[in-house]
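Input: a single structure, listed below in structure tokens.
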Amino acid sequence: MSWGLLRDVLSGVNQYSTVVGRIWLSVMFIFRVLVYVVAAERVWGDEQKEFTCNSEQPGCENVCFDYFFPVSQARLWALQLIMVSTPSLLVVMHVGYRERREKKHHKKLYKNKGDIDGGLWWTYFFSLVFKTVVELGSLLIFNWMFHGFSVPRLLKCETAPCPNTVDCFVGRPTEKTVFLYCMATTSSLCILLNMCEMSYLIIKHCSEYCEKKPSKKGQRLKCGCEPPQLKYDHLKTFKNGTAKSVASIHSM
């Protein structure tokens, strides 16, 4: 499997990401994609060939392998990486849409096409939500399908057409267990980074919104509304004038 396209996508998204997003991209590319390409594909190799059972019954070994490993662990891992990386395409496509819009109208519509604001903020935020859901779902499915992240050395199979309880042995169980725990750890780290980035975007968006509110109030005051301080001064002057007039009446 060629991972060049995935590498290009992640590199393109890097320029439109936040600081936390760049850390996520580094973890994704170095500790997940490279580990899978360099090591994991070779470790799993031909899984069914390395899976052996102490029975000569025709079809018994194939049925037992299908029972314990309905989906290849390596292919499920690869599917997870692809699905987690896909939402990043939405961010690149949104920036491309902004560029085409400016070319169509022949004027500059955005201060910076890559700034995470407006519609791009929502695209970026929902891509983070999607990635987090996929990461959590993948871990839960993996744990449910294979009963954890440890690969056992010995499996007991009683599925037909095996004549009785058959002992089956998995190839490289310890090495596979190490890589699966590595996958689970990096996936959990990416979930944490996604949650931190979502919190950062929400806090930044709220702070920018709060900064804009006083400026709008200032504009309304300029449009004709009297500032509170001026109203207070007029009221104070009015009271002082009333007090003086009352005093003059009494003196008369």
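Labels used: A, B, ... for chains in the order of the structure tokens, numbers from 1 for residues in each chain, and numbers from 1 for ligands as shown.
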Residue neighbourhood Met198 in chain A, 9 Å, only C-alpha atoms, exclusion window fewer than 6 positions, as a PyMOL selection string: chain A and resi 125+128-129
Dump as a PDB file, in the first residue's frame, selection limited to N, CA and C atoms:
```pdb
ATOM      1  N   PHE A 125     -13.419  22.684  13.169  1.00  0.00           N
ATOM      2  CA  PHE A 125     -13.916  22.153  14.446  1.00  0.00           C
ATOM      3  C   PHE A 125     -14.607  20.806  14.246  1.00  0.00           C
ATOM      4  N   LEU A 128     -12.265  17.976  13.703  1.00  0.00           N
ATOM      5  CA  LEU A 128     -11.706  17.487  14.972  1.00  0.00           C
ATOM      6  C   LEU A 128     -12.687  16.560  15.690  1.00  0.00           C
ATOM      7  N   VAL A 129     -13.975  16.939  15.671  1.00  0.00           N
ATOM      8  CA  VAL A 129     -14.998  16.092  16.302  1.00  0.00           C
ATOM      9  C   VAL A 129     -15.055  14.738  15.610  1.00  0.00           C
TER      10      VAL A 129
END
```
DSSP-assigned alpha helix (DSSP H) members of range 38-87 of chain A, reported as a PyMOL selection string: chain A and resi 41-44+47-50+60-68+73-85+87
Could you take the residues named above and write them with C-alpha atoms, as a PDB file, in the first residue's frame?
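Resulting contents of result.pdb:
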```
ATOM      1  CA  GLU A  41       3.161  -4.394   7.710  1.00  0.00           C
ATOM      2  CA  ARG A  42       6.176  -6.708   7.903  1.00  0.00           C
ATOM      3  CA  VAL A  43       5.267  -8.067  11.336  1.00  0.00           C
ATOM      4  CA  TRP A  44       1.801  -9.159  10.243  1.00  0.00           C
ATOM      5  CA  GLU A  47      -1.049 -13.949   8.940  1.00  0.00           C
ATOM      6  CA  GLN A  48      -2.949 -17.002   7.804  1.00  0.00           C
ATOM      7  CA  LYS A  49       0.227 -18.794   6.734  1.00  0.00           C
ATOM      8  CA  GLU A  50       1.770 -18.262  10.192  1.00  0.00           C
ATOM      9  CA  CYS A  60     -10.283 -26.682  10.253  1.00  0.00           C
ATOM     10  CA  GLU A  61      -7.342 -24.276  10.242  1.00  0.00           C
ATOM     11  CA  ASN A  62      -9.056 -21.784   7.903  1.00  0.00           C
ATOM     12  CA  VAL A  63     -12.274 -21.806   9.930  1.00  0.00           C
ATOM     13  CA  CYS A  64     -10.415 -21.282  13.216  1.00  0.00           C
ATOM     14  CA  PHE A  65      -8.425 -18.382  11.761  1.00  0.00           C
ATOM     15  CA  ASP A  66     -11.607 -16.743  10.496  1.00  0.00           C
ATOM     16  CA  TYR A  67     -13.258 -17.240  13.903  1.00  0.00           C
ATOM     17  CA  PHE A  68     -10.466 -15.611  15.939  1.00  0.00           C
ATOM     18  CA  GLN A  73      -5.615  -6.412  12.739  1.00  0.00           C
ATOM     19  CA  ALA A  74      -3.168  -4.676  10.409  1.00  0.00           C
ATOM     20  CA  ARG A  75      -5.884  -3.800   7.878  1.00  0.00           C
ATOM     21  CA  LEU A  76      -8.150  -2.484  10.618  1.00  0.00           C
ATOM     22  CA  TRP A  77      -5.255  -0.343  11.833  1.00  0.00           C
ATOM     23  CA  ALA A  78      -4.700   0.963   8.272  1.00  0.00           C
ATOM     24  CA  LEU A  79      -8.422   1.734   7.902  1.00  0.00           C
ATOM     25  CA  GLN A  80      -8.314   3.724  11.123  1.00  0.00           C
ATOM     26  CA  LEU A  81      -5.355   5.806   9.888  1.00  0.00           C
ATOM     27  CA  ILE A  82      -7.100   6.556   6.584  1.00  0.00           C
ATOM     28  CA  MET A  83     -10.401   7.554   8.217  1.00  0.00           C
ATOM     29  CA  VAL A  84      -8.669   9.766  10.778  1.00  0.00           C
ATOM     30  CA  SER A  85      -6.669  11.564   8.069  1.00  0.00           C
ATOM     31  CA  PRO A  87     -11.280  15.020   7.512  1.00  0.00           C
TER      32      PRO A  87
END
```
Atom pair CA of Val37 in chain A / CA of Thr177 in chain A: separation (Å):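 Result for CA of Val37 in chain A versus CA of Thr177 in chain A: 16.9 Å, one decimal.
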Range 23-29 of chain A environment, 7 Å, only C-alpha atoms, sequence neighbours closer than 3 positions dropped, as a ChimeraX atom specification: /A:10,19-20,32-34,190,193
Can you spit out the residues from that selection as an mmCIF file, in the first residue's frame, using N, CA and C atoms?
```cif
data_model
loop_
_atom_site.group_PDB
_atom_site.id
_atom_site.type_symbol
_atom_site.label_atom_id
_atom_site.label_comp_id
_atom_site.auth_asym_id
_atom_site.auth_seq_id
_atom_site.Cartn_x
_atom_site.Cartn_y
_atom_site.Cartn_z
ATOM 1 N N LEU A 10 -1.374 15.360 4.676
ATOM 2 C CA LEU A 10 -0.999 15.841 6.012
ATOM 3 C C LEU A 10 -0.048 17.021 5.923
ATOM 4 N N VAL A 19 -1.170 25.403 16.618
ATOM 5 C CA VAL A 19 0.043 24.815 17.207
ATOM 6 C C VAL A 19 -0.225 23.384 17.659
ATOM 7 N N VAL A 20 -1.374 23.187 18.320
ATOM 8 C CA VAL A 20 -1.740 21.839 18.774
ATOM 9 C C VAL A 20 -1.969 20.925 17.570
ATOM 10 N N ARG A 32 2.685 6.979 13.924
ATOM 11 C CA ARG A 32 1.601 6.098 13.487
ATOM 12 C C ARG A 32 1.814 5.616 12.053
ATOM 13 N N VAL A 33 1.886 6.542 11.115
ATOM 14 C CA VAL A 33 2.020 6.147 9.713
ATOM 15 C C VAL A 33 3.365 5.476 9.461
ATOM 16 N N LEU A 34 4.458 6.104 9.929
ATOM 17 C CA LEU A 34 5.788 5.529 9.684
ATOM 18 C C LEU A 34 5.968 4.195 10.402
ATOM 19 N N CYS A 190 -3.571 11.035 20.461
ATOM 20 C CA CYS A 190 -4.220 11.859 19.431
ATOM 21 C C CYS A 190 -5.601 12.323 19.880
ATOM 22 N N LEU A 193 -4.976 15.221 22.185
ATOM 23 C CA LEU A 193 -4.583 16.409 21.424
ATOM 24 C C LEU A 193 -5.789 17.028 20.716
#
```
Spatial neighbours of Val91 in chain A, max dist 7 Å, only C-alpha atoms, sep filter under 3 positions, as a list in words: Ser88, His94, Val95, Thr123 and Tyr124 of chain A
Close residues, Val166 in chain A itself excluded, 8 Å, only C-alpha atoms, min 5 positions apart in chain, as a list of chain:residue names: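 Counting only C-alpha atoms, the residues come to A:Cys53, A:Asn54, A:Ser55, A:Lys156, A:Cys157, A:Glu158.
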CA of Phe146 in chain A to CA of Cys168 in chain A, straight-line distance in Å: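 So the two atoms, CA of Cys168 in chain A and CA of Phe146 in chain A, lie 15.5 Å apart.
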Distance criterion (only C-alpha atoms): nearest to Cys196 in chain A out of A:Gln57, A:Asn164, A:Thr132, A:Thr86: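 Smallest distance to Cys196 in chain A is found for A:Thr132.
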For CA of Tyr36 in chain A and CA of Lys176 in chain A, the interatomic separation in Å (one decimal):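 Rounded to one decimal, the two atoms are 11.7 Å apart.
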